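Here is upload_22.txt, consisting of compact mmCIF, C-alpha atoms and all ligand atoms:
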```
# COMPACT_ATOMS: atom_id res chain seq x y z
CA MET A 6 49.70 102.24 66.96
CA ASP A 7 49.04 105.93 67.67
CA ALA A 8 51.75 108.22 69.01
CA GLY A 9 50.41 108.18 72.57
CA HIS A 10 50.48 104.41 72.58
CA VAL A 11 54.06 104.37 71.35
CA MET A 12 55.05 106.84 74.09
CA ARG A 13 53.37 104.75 76.77
CA ARG A 14 55.21 101.67 75.56
CA PHE A 15 58.64 103.21 75.30
CA ALA A 16 58.65 105.79 78.07
CA PRO A 17 59.39 103.29 80.88
CA ALA A 18 62.25 101.73 78.90
CA ALA A 19 63.64 105.14 78.03
CA THR A 20 63.45 106.24 81.66
CA ALA A 21 65.26 103.10 82.77
CA TRP A 22 68.00 103.77 80.24
CA LEU A 23 68.39 107.36 81.37
CA ALA A 24 68.55 106.26 84.97
CA LEU A 25 71.24 103.73 84.08
CA ALA A 26 73.19 106.29 82.11
CA ALA A 27 73.04 108.74 84.98
CA GLY A 28 74.24 106.06 87.38
CA VAL A 29 71.14 106.26 89.53
CA ALA A 30 70.76 103.26 91.79
CA ALA A 31 68.83 100.54 89.99
CA ALA A 32 68.20 99.02 93.42
CA GLY A 33 68.86 100.30 96.92
CA ASP A 34 71.58 97.76 97.64
CA ASP A 35 74.99 99.00 96.62
CA THR A 36 76.05 95.58 95.35
CA THR A 37 73.78 96.11 92.37
CA ARG A 38 74.21 99.84 91.93
CA THR A 39 75.44 100.90 88.52
CA SER A 40 78.31 103.29 88.13
CA SER A 41 78.33 106.10 85.59
CA ILE A 42 80.86 107.04 82.94
CA PHE A 43 79.31 110.53 83.08
CA ALA A 44 80.59 111.23 86.58
CA PRO A 45 84.38 110.76 86.41
CA ILE A 46 86.35 111.37 89.62
CA SER A 47 89.79 110.18 88.56
CA THR A 48 92.41 111.43 86.12
CA PRO A 49 92.25 108.89 83.26
CA ALA A 50 88.45 108.88 83.42
CA ASP A 51 88.43 112.70 83.15
CA ALA A 52 90.56 112.52 80.02
CA SER A 53 88.25 110.06 78.24
CA TYR A 54 85.21 112.01 79.43
CA THR A 55 86.55 115.28 77.99
CA ALA A 56 87.46 113.63 74.68
CA ALA A 57 84.07 111.88 74.49
CA MET A 58 82.21 115.12 75.23
CA LEU A 59 84.09 116.95 72.48
CA VAL A 60 83.29 114.18 69.99
CA LEU A 61 79.67 114.23 71.11
CA LEU A 62 79.50 118.02 70.74
CA ILE A 63 80.98 118.03 67.24
CA THR A 64 78.88 115.12 66.00
CA ALA A 65 75.74 116.58 67.60
CA GLY A 66 76.48 119.86 65.76
CA ILE A 67 76.80 117.95 62.47
CA ALA A 68 73.61 116.00 63.15
CA ILE A 69 71.68 119.18 63.94
CA ALA A 70 73.02 121.00 60.84
CA VAL A 71 72.34 118.10 58.46
CA ASN A 72 68.90 117.27 59.84
CA GLY A 73 67.99 120.98 60.07
CA LEU A 74 68.87 121.51 56.40
CA LEU A 75 66.97 118.36 55.48
CA ALA A 76 63.87 119.50 57.38
CA TYR A 77 64.15 122.97 55.84
CA ALA A 78 64.40 121.52 52.32
CA ILE A 79 61.42 119.22 52.88
CA VAL A 80 59.23 122.07 54.14
CA ALA A 81 60.42 124.97 51.97
CA PHE A 82 60.47 123.05 48.71
CA ARG A 83 57.34 120.95 49.10
CA GLU A 84 54.90 120.84 46.21
CA GLN A 85 53.20 124.22 45.72
CA PRO A 86 49.52 124.56 44.59
CA ASP A 87 50.58 126.80 41.69
CA ASP A 88 53.31 124.41 40.51
CA ASP A 89 53.39 124.42 36.71
CA GLY A 90 55.02 120.99 36.48
CA SER A 91 58.17 122.24 34.74
CA GLU A 92 61.60 120.89 35.72
CA PRO A 93 63.64 122.97 38.18
CA ALA A 94 67.06 124.26 37.17
CA GLN A 95 69.52 121.32 37.00
CA VAL A 96 72.84 121.87 38.72
CA TYR A 97 75.70 119.72 37.43
CA GLY A 98 78.67 120.06 39.70
CA SER A 99 79.73 123.07 41.67
CA GLU A 100 83.40 123.26 42.52
CA GLN A 101 82.76 125.36 45.61
CA ILE A 102 80.14 123.05 47.11
CA GLU A 103 82.16 119.93 46.34
CA LEU A 104 85.29 121.45 47.84
CA ALA A 105 83.34 122.47 50.93
CA TRP A 106 81.86 119.02 51.53
CA THR A 107 85.24 117.38 51.04
CA VAL A 108 87.39 119.75 53.06
CA ILE A 109 85.07 120.28 56.06
CA PRO A 110 84.70 116.54 56.86
CA ILE A 111 88.45 116.07 56.46
CA LEU A 112 89.07 118.86 58.97
CA VAL A 113 86.52 117.38 61.37
CA VAL A 114 88.14 113.94 61.14
CA VAL A 115 91.63 115.40 61.63
CA VAL A 116 90.51 117.28 64.74
CA LEU A 117 88.88 114.14 66.18
CA CYS A 118 92.03 112.09 65.41
CA LEU A 119 94.30 114.61 67.10
CA VAL A 120 92.10 114.83 70.17
CA THR A 121 91.97 111.03 70.43
CA ALA A 122 95.72 110.65 69.93
CA ARG A 123 96.40 113.25 72.58
CA THR A 124 94.09 111.57 75.08
CA VAL A 125 95.65 108.15 74.43
CA TYR A 126 99.11 109.68 74.83
CA ASP A 127 98.18 111.43 78.09
CA VAL A 128 96.66 108.27 79.59
CA GLN A 129 99.08 105.60 78.36
CA GLY A 130 102.23 107.67 78.45
CA ALA A 131 101.73 108.85 82.03
CA GLN A 132 104.88 108.60 84.13
CA LYS A 133 104.59 106.86 87.48
CA PRO A 134 105.25 109.39 90.27
CA PRO A 135 107.32 108.31 93.31
CA GLY A 136 104.28 108.12 95.60
CA ALA A 137 102.40 105.66 93.37
CA ILE A 138 100.88 102.47 94.76
CA ASP A 139 101.69 99.31 92.78
CA VAL A 140 98.98 96.70 92.43
CA THR A 141 98.80 93.48 90.43
CA VAL A 142 95.32 92.33 89.49
CA VAL A 143 94.82 88.79 88.23
CA GLY A 144 91.48 87.89 86.66
CA HIS A 145 90.15 84.44 87.54
CA GLN A 146 86.90 82.68 86.68
CA TRP A 147 85.08 84.43 88.51
CA TRP A 148 86.90 86.63 90.95
CA TRP A 149 89.72 89.16 91.14
CA GLU A 150 93.04 88.43 92.82
CA ILE A 151 94.55 91.68 94.09
CA ARG A 152 98.20 91.82 95.15
CA TYR A 153 100.27 94.74 96.49
CA PRO A 154 103.77 93.36 95.86
CA ALA A 155 105.61 96.20 97.63
CA LEU A 156 103.36 96.00 100.69
CA GLY A 157 103.13 92.20 100.93
CA ILE A 158 99.31 92.23 100.82
CA VAL A 159 97.07 89.79 98.97
CA THR A 160 93.32 90.22 98.88
CA ALA A 161 90.40 89.67 96.51
CA ASN A 162 87.59 91.50 94.75
CA GLU A 163 87.87 94.68 96.80
CA LEU A 164 90.64 97.10 95.88
CA HIS A 165 91.69 99.67 98.49
CA VAL A 166 93.57 102.75 97.36
CA PRO A 167 94.41 106.16 98.81
CA VAL A 168 92.84 109.34 97.51
CA SER A 169 95.41 111.28 95.48
CA ASP A 170 96.35 114.74 96.68
CA PRO A 171 97.58 117.00 93.83
CA ALA A 172 100.39 118.27 96.10
CA ALA A 173 101.63 114.75 96.91
CA ARG A 174 100.24 112.50 94.22
CA SER A 175 99.52 108.86 94.99
CA PRO A 176 97.86 107.29 91.95
CA THR A 177 97.54 103.52 91.73
CA PHE A 178 99.37 101.81 88.88
CA MET A 179 98.09 98.35 88.03
CA GLU A 180 99.48 95.38 86.19
CA LEU A 181 96.68 93.28 84.78
CA GLU A 182 97.03 89.54 84.17
CA SER A 183 94.73 86.57 83.75
CA ALA A 184 94.90 83.08 85.20
CA ASP A 185 92.54 81.57 82.63
CA VAL A 186 90.50 83.37 79.97
CA ALA A 187 90.23 87.01 78.87
CA HIS A 188 88.57 89.35 81.38
CA SER A 189 88.20 93.12 81.38
CA PHE A 190 88.77 95.45 84.31
CA TRP A 191 86.22 98.22 84.28
CA LEU A 192 85.64 100.98 86.81
CA PRO A 193 83.43 103.47 84.97
CA ARG A 194 84.11 106.43 87.27
CA LEU A 195 87.85 105.84 87.56
CA ALA A 196 89.23 104.81 84.16
CA GLY A 197 88.46 103.16 80.85
CA LYS A 198 88.31 99.40 80.38
CA THR A 199 91.49 97.34 80.07
CA ASP A 200 91.55 93.67 79.16
CA LEU A 201 93.28 91.00 81.24
CA ILE A 202 94.71 88.49 78.78
CA PRO A 203 96.44 85.17 79.55
CA ASN A 204 100.23 85.29 79.07
CA ARG A 205 100.23 89.03 78.71
CA ARG A 206 100.70 91.94 81.05
CA ASN A 207 98.54 95.01 80.51
CA HIS A 208 98.74 98.24 82.44
CA MET A 209 96.34 100.87 83.67
CA TRP A 210 96.25 103.47 86.39
CA ILE A 211 93.71 105.42 88.41
CA GLU A 212 94.05 108.60 90.37
CA PRO A 213 90.86 109.21 92.35
CA ARG A 214 90.42 112.60 93.95
CA GLU A 215 87.37 111.84 96.12
CA PRO A 216 87.13 109.20 98.82
CA GLY A 217 84.27 106.74 98.53
CA LEU A 218 83.19 103.36 97.25
CA TYR A 219 83.22 102.91 93.48
CA LEU A 220 81.76 99.92 91.75
CA GLY A 221 82.93 98.14 88.65
CA GLN A 222 82.72 94.78 87.00
CA CYS A 223 84.28 92.40 84.54
CA ALA A 224 83.42 93.76 81.11
CA GLU A 225 84.40 90.83 78.90
CA TYR A 226 82.26 87.71 78.86
CA CYS A 227 84.38 85.11 80.64
CA GLY A 228 82.02 82.23 81.36
CA THR A 229 78.81 81.45 83.24
CA GLN A 230 79.47 83.57 86.32
CA HIS A 231 80.80 86.58 84.40
CA ALA A 232 77.95 88.68 85.78
CA HIS A 233 79.06 87.83 89.32
CA MET A 234 82.56 89.10 88.90
CA LEU A 235 82.05 92.47 90.54
CA LEU A 236 84.71 94.89 91.61
CA ARG A 237 84.64 97.30 94.51
CA VAL A 238 87.13 100.08 94.91
CA TYR A 239 87.42 101.79 98.27
CA VAL A 240 89.13 105.15 98.00
CA HIS A 241 90.38 106.19 101.44
CA PRO A 242 91.84 109.35 102.90
CA ARG A 243 95.56 108.67 103.34
CA ALA A 244 95.55 107.95 107.09
CA GLU A 245 92.65 105.50 106.70
CA PHE A 246 94.45 103.76 103.82
CA ASP A 247 97.59 103.40 105.94
CA ARG A 248 95.51 101.83 108.71
CA TRP A 249 94.00 99.39 106.21
CA VAL A 250 97.49 98.47 104.96
CA ALA A 251 98.74 97.91 108.51
CA ALA A 252 95.77 95.65 109.32
CA GLN A 253 96.18 93.61 106.14
CA ARG A 254 99.87 93.06 106.82
CA GLU A 255 99.17 91.49 110.21
CA ALA A 256 99.37 87.71 110.48
CA ALA A 257 96.10 85.78 110.48
CA VAL A 258 94.29 85.69 113.81
CA ALA A 259 95.00 82.42 115.66
CA ASP A 260 92.18 82.09 118.17
CA PRO A 261 92.46 78.91 120.31
CA ALA A 262 88.67 78.96 120.84
CA VAL A 263 88.16 77.90 117.22
CA ALA A 264 90.97 75.32 117.04
CA ALA A 265 88.49 72.60 116.00
CA GLY A 266 87.39 74.60 112.96
CA ARG A 267 90.95 75.43 112.07
CA HIS A 268 91.77 71.73 112.23
CA VAL A 269 88.92 70.97 109.79
CA PHE A 270 90.21 73.69 107.46
CA GLU A 271 93.81 72.51 107.60
CA THR A 272 92.99 68.85 107.03
CA THR A 273 90.60 69.43 104.13
CA ALA A 274 91.29 70.22 100.47
CA CYS A 275 90.57 73.88 101.27
CA ILE A 276 94.31 74.40 101.76
CA ASN A 277 95.10 73.32 98.19
CA CYS A 278 93.13 76.25 96.84
CA HIS A 279 93.31 78.91 99.56
CA THR A 280 96.00 80.71 101.51
CA VAL A 281 95.80 81.73 105.14
CA ARG A 282 99.16 83.27 105.87
CA GLY A 283 101.06 81.55 108.67
CA THR A 284 99.23 78.21 108.28
CA VAL A 285 99.72 75.18 106.04
CA ALA A 286 97.18 76.69 103.62
CA THR A 287 99.16 78.08 100.69
CA GLY A 288 96.87 77.40 97.71
CA ARG A 289 96.45 80.10 95.09
CA PHE A 290 93.59 78.78 92.99
CA GLY A 291 91.00 80.60 95.08
CA PRO A 292 90.97 83.90 97.04
CA ASP A 293 93.41 84.51 99.91
CA LEU A 294 91.45 84.10 103.15
CA THR A 295 93.99 85.59 105.63
CA HIS A 296 91.77 88.64 106.28
CA MET A 297 88.65 87.57 104.43
CA MET A 298 86.23 88.98 107.01
CA SER A 299 87.60 92.47 106.33
CA ARG A 300 85.80 92.29 102.99
CA ASP A 301 82.21 93.48 102.62
CA THR A 302 81.24 90.96 99.97
CA LEU A 303 81.69 87.25 99.43
CA VAL A 304 82.56 85.55 96.14
CA ALA A 305 83.01 88.71 94.05
CA GLY A 306 79.81 90.45 95.01
CA ALA A 307 77.43 87.48 94.70
CA ALA A 308 76.64 87.72 98.45
CA ARG A 309 77.33 89.81 101.55
CA MET A 310 80.17 88.68 103.78
CA ASP A 311 78.37 87.27 106.82
CA PRO A 312 78.36 83.93 108.67
CA ASP A 313 75.09 82.73 107.09
CA ALA A 314 76.23 83.44 103.56
CA LEU A 315 79.57 81.82 104.33
CA HIS A 316 77.80 78.74 105.65
CA ALA A 317 75.61 78.54 102.55
CA TRP A 318 78.62 79.03 100.26
CA ILE A 319 80.77 76.30 101.78
CA ALA A 320 77.87 73.86 102.08
CA ASP A 321 77.00 74.26 98.39
CA PRO A 322 79.00 76.76 96.29
CA ASP A 323 76.94 75.87 93.24
CA HIS A 324 73.78 77.08 94.92
CA VAL A 325 75.22 80.54 95.61
CA LYS A 326 77.13 80.91 92.36
CA PRO A 327 76.15 78.20 89.86
CA GLY A 328 79.17 76.86 88.00
CA ALA A 329 81.67 78.34 90.49
CA LEU A 330 85.02 76.57 90.50
CA MET A 331 84.92 75.57 94.17
CA PRO A 332 83.64 72.06 94.89
CA ALA A 333 81.14 71.21 97.63
CA MET A 334 83.27 69.44 100.23
CA ASN A 335 80.42 67.38 101.77
CA LEU A 336 81.39 68.17 105.35
CA ASP A 337 79.10 66.93 108.11
CA PRO A 338 77.03 69.66 109.83
CA THR A 339 79.24 69.79 112.94
CA GLN A 340 82.41 70.19 110.89
CA LEU A 341 80.75 72.83 108.77
CA ASP A 342 79.70 74.83 111.84
CA GLN A 343 83.20 74.54 113.33
CA LEU A 344 84.75 75.58 110.03
CA VAL A 345 82.54 78.68 109.73
CA SER A 346 83.30 79.64 113.36
CA TYR A 347 86.98 79.50 112.45
CA LEU A 348 86.62 81.46 109.20
CA VAL A 349 84.69 84.32 110.84
CA THR A 350 87.71 84.98 113.09
CA LEU A 351 89.85 85.79 110.04
CA ARG A 352 89.45 89.54 110.23
C1 LIG A 401 89.32 73.37 93.95
C2 LIG A 401 89.71 74.53 94.67
C3 LIG A 401 88.94 74.93 95.91
C4 LIG A 401 88.74 74.20 97.06
C5 LIG A 401 89.16 72.77 97.35
C6 LIG A 401 88.07 75.09 97.99
N1 LIG A 401 87.85 76.30 97.41
FE1 LIG A 401 87.06 77.92 98.29
N2 LIG A 401 87.09 78.94 96.55
C7 LIG A 401 87.63 78.45 95.38
C8 LIG A 401 87.39 79.41 94.32
C9 LIG A 401 87.79 79.27 92.86
C10 LIG A 401 86.69 80.48 94.92
C11 LIG A 401 86.19 81.76 94.22
C12 LIG A 401 84.81 81.49 93.68
C13 LIG A 401 84.20 82.66 92.98
O1 LIG A 401 84.17 83.77 93.54
O2 LIG A 401 83.72 82.48 91.86
C14 LIG A 401 86.55 80.15 96.32
C15 LIG A 401 85.95 80.99 97.24
C16 LIG A 401 85.94 80.75 98.61
C17 LIG A 401 85.53 81.68 99.61
C18 LIG A 401 85.06 83.11 99.36
C19 LIG A 401 86.22 84.06 99.52
C20 LIG A 401 85.85 85.49 99.21
O3 LIG A 401 86.58 86.38 99.61
O4 LIG A 401 84.83 85.74 98.56
C21 LIG A 401 85.63 81.05 100.81
C22 LIG A 401 85.32 81.64 102.17
C23 LIG A 401 86.11 79.73 100.56
N3 LIG A 401 86.30 79.57 99.21
C24 LIG A 401 86.33 78.78 101.55
C25 LIG A 401 86.68 77.47 101.27
C26 LIG A 401 86.73 76.42 102.27
C27 LIG A 401 86.43 76.62 103.74
C28 LIG A 401 87.11 75.28 101.63
C29 LIG A 401 87.25 73.90 102.20
C30 LIG A 401 86.07 73.37 102.82
C31 LIG A 401 87.31 75.62 100.23
N4 LIG A 401 87.04 76.95 100.07
C32 LIG A 401 87.72 74.73 99.27
C33 LIG A 401 88.30 77.26 95.21
C34 LIG A 401 88.35 76.25 96.14
CU CU A 402 85.70 88.02 83.93
```
Could you spell out this file's structure in structure tokens?
Ligand code: HEC
Ligand SMILES: [Cu+2]
Amino acid sequence: MDAGHVMRRFAPAATAWLALAAGVAAAGDDTTRTSSIFAPISTPADASYTAAMLVLLITAGIAIAVNGLLAYAIVAFREQPDDDGSEPAQVYGSEQIELAWTVIPILVVVVLCLVTARTVYDVQGAQKPPGAIDVTVVGHQWWWEIRYPALGIVTANELHVPVSDPAARSPTFMELESADVAHSFWLPRLAGKTDLIPNRRNHMWIEPREPGLYLGQCAEYCGTQHAHMLLRVYVHPRAEFDRWVAAQREAAVADPAVAAGRHVFETTACINCHTVRGTVATGRFGPDLTHMMSRDTLVAGAARMDPDALHAWIADPDHVKPGALMPAMNLDPTQLDQLVSYLVTLR
């Protein structure tokens, strides 16, 4: 293989990697867009970014120095035409050189340790300011339960938080739990990863300073649909966030026009696994459906939230998300249509 051939083979892969690293959209649709650790917009993510950049800078310096010296030695001391074949001077031990190559690495390691310890202290030791939003996130196979205990809100897969103003800070402090296996909560632009472990309560916080939609995902293999356990974080200006909170706190819509569908829902096993506040449905095994249509995505990012996708999901969950822990209920077509008409009113 000549060099050109090698380049042609590896260039596309290298470009794809660079694009991924830079967080460039892998596809137009934002449900598949990657999110970059190189573009932090939130306090804990800034701290890890700064520490990582310092480590990268120091280690790059070492790599350049070592490889530069190596290249220099190879070129400068290559075999000469007038070489007489005699042995060069043999150097046995030099206190200065040995001291230098012992002390310098120790200093480098100490600096890196201190920087890391400081970053960990800043992130994990952060005090919760009075304006903080409390959220509990519970990892499930394969979706995220999101609760705002102080606000009385329960939702799924899409976390809404206010943008934090330095003058009146409002970071979001999260308690992370798991209902089944280990998961990992990862929002590359907002904070580092934190595991969700059964029978344990972990903590993390984010403090975004720019409104927008930020994507994340489960970062710990947790079963077949691990790759469809996506996270979306909507960072709102304060007034918009308050409007979202007010809407989520409302009772579920009770539209008499879809009473037939509601009857199907309330007389089927759906209610054992799902909650619709103010009805007989109080199950907690699956996502809360009280305001499900206010979400942009269905089943943790596997589909868009729209009536067709909803229809397809309820008719055969396994077809949309193979292995998903919701059974097909074998409803007849009329019941299914009525049920979907009811669900789409749950805004
Ligand atoms: C055995 C428990 C169980 C039953 C019964 C059940 N579901 Fe589910 N449902 C789930 C689970 C678990 C999920 C999450 C699946 C995932 O994302 O991997 C889910 C997801 C959903 C979602 C998507 C919610 C969202 O925000 O993405 C809808 C809608 C839904 N179920 C409706 C229904 C309806 C309607 C019925 C009755 C016909 C029903 N479910 C019966 C467990 C159940
Ligand atoms: Cu997971």
Separating CA of Val142 in chain A from CA of Met209 in chain A, to the nearest tenth of an Å, is a gap of 10.4 Å
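Of note, CA of Asp323 in chain A and CA of Arg282 in chain A are spaced 26.6 Å apart.
Candidate residues A:Ser47, A:Ser183, A:Thr302, A:Ser99 were compared for distance to ligand LIG 401 (chain A), and the nearest is A:Thr302, using all atoms listed in the file.
Our summary of the geometry notes that CA of Asp139 in chain A is positioned 9.4 Å from CA of Trp210 in chain A.
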Contact residues around range 315-318 of chain A with only C-alpha atoms at 9 Å, ignoring same-chain residues under 2 positions, as a compact mmCIF listing (two decimals) with C-alpha atoms, in the coordinates of the input:
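Output file result.txt follows:
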```
# COMPACT_ATOMS: atom_id res chain seq x y z
CA LEU A 303 81.69 87.25 99.43
CA VAL A 304 82.56 85.55 96.14
CA ALA A 308 76.64 87.72 98.45
CA ARG A 309 77.33 89.81 101.55
CA MET A 310 80.17 88.68 103.78
CA ASP A 311 78.37 87.27 106.82
CA PRO A 312 78.36 83.93 108.67
CA ASP A 313 75.09 82.73 107.09
CA ALA A 320 77.87 73.86 102.08
CA ASP A 321 77.00 74.26 98.39
CA PRO A 322 79.00 76.76 96.29
CA ASP A 323 76.94 75.87 93.24
CA HIS A 324 73.78 77.08 94.92
CA VAL A 325 75.22 80.54 95.61
CA LYS A 326 77.13 80.91 92.36
CA ALA A 333 81.14 71.21 97.63
CA LEU A 341 80.75 72.83 108.77
CA ASP A 342 79.70 74.83 111.84
CA LEU A 344 84.75 75.58 110.03
CA VAL A 345 82.54 78.68 109.73
CA LEU A 348 86.62 81.46 109.20
CA VAL A 349 84.69 84.32 110.84
```
Selection near Met298 in chain A, 6 Å with all atoms listed in the file, sequence-local residues under 2 positions removed, as a PyMOL selection string: chain A and resi 296+300+351-352
Go through A:Ala329, A:Val114, A:Leu236, A:Leu75 and flag the residue nearest Ala161 in chain A, using all atoms listed in the file for the distances. A:Leu236
Neighbours of ligand CU 402 (chain A) within 10 Å, counting only C-alpha atoms and all ligand atoms, as a VMD selection string? chain A and resid 144 to 149 183 185 to 190 200 to 201 222 to 235
With all atoms listed in the file as the counted atoms, please give the residues lying no more than 12 Å from Ala131 in chain A, apart from itself and same-chain residues fewer than 6 positions off, as a count of residues only. 15
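Comparing A:Thr339, A:Ser169, A:Ser346, A:Asn162 by their smallest distance to ligand LIG 401 (chain A), the closest is A:Asn162 (using all atoms listed in the file).
Between ligand LIG 401 (chain A) and the candidates A:Ile67, A:Val113, A:Cys278, A:Val240, the tightest atom-to-atom separation, counting all atoms listed in the file, involves A:Cys278.
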Looking at only C-alpha atoms and all ligand atoms, which of A:Asn204, A:Thr55, A:Thr284, A:Thr273 is the one that sits closest to ligand LIG 401 (chain A)? A:Thr273
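For the residues A:Ala81, A:Leu220, A:Ala68, A:Leu104, ranking by smallest atom-to-atom distance to Ala305 in chain A using all atoms listed in the file places A:Leu220 first.
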To box range 67-73 of chain A, take all atoms listed in the file, fit an axis-aligned box, add 3 Å on each side, and give centre and edge lengths in Å to one decimal, as lines of an AutoDock Vina configuration file.
```
center_x = 72.4
center_y = 118.5
center_z = 61.2
size_x = 14.8
size_y = 11.0
size_z = 11.5
```
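By all atoms listed in the file, and with residues fewer than 2 positions from Val168 in chain A along its chain excluded, the set lying at most 10 Å from it is A:Ser47, A:His165, A:Val166, A:Asp170, A:Pro171, A:Arg174, A:Ser175, A:Pro176, A:Thr177, A:Ile211, A:Glu212, A:Pro213, A:Arg214, A:Glu215, A:Pro216, A:Gly217, A:Tyr239, A:Val240, A:His241, A:Pro242, A:Arg243, A:Glu245, A:Phe246.
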Can you tell me which residues surround Asp293 in chain A at a distance of at most 6 Å, considering all atoms listed in the file, apart from same-chain residues fewer than 2 positions away, and format the answer as a PyMOL selection string? chain A and resi 160+279-280+295
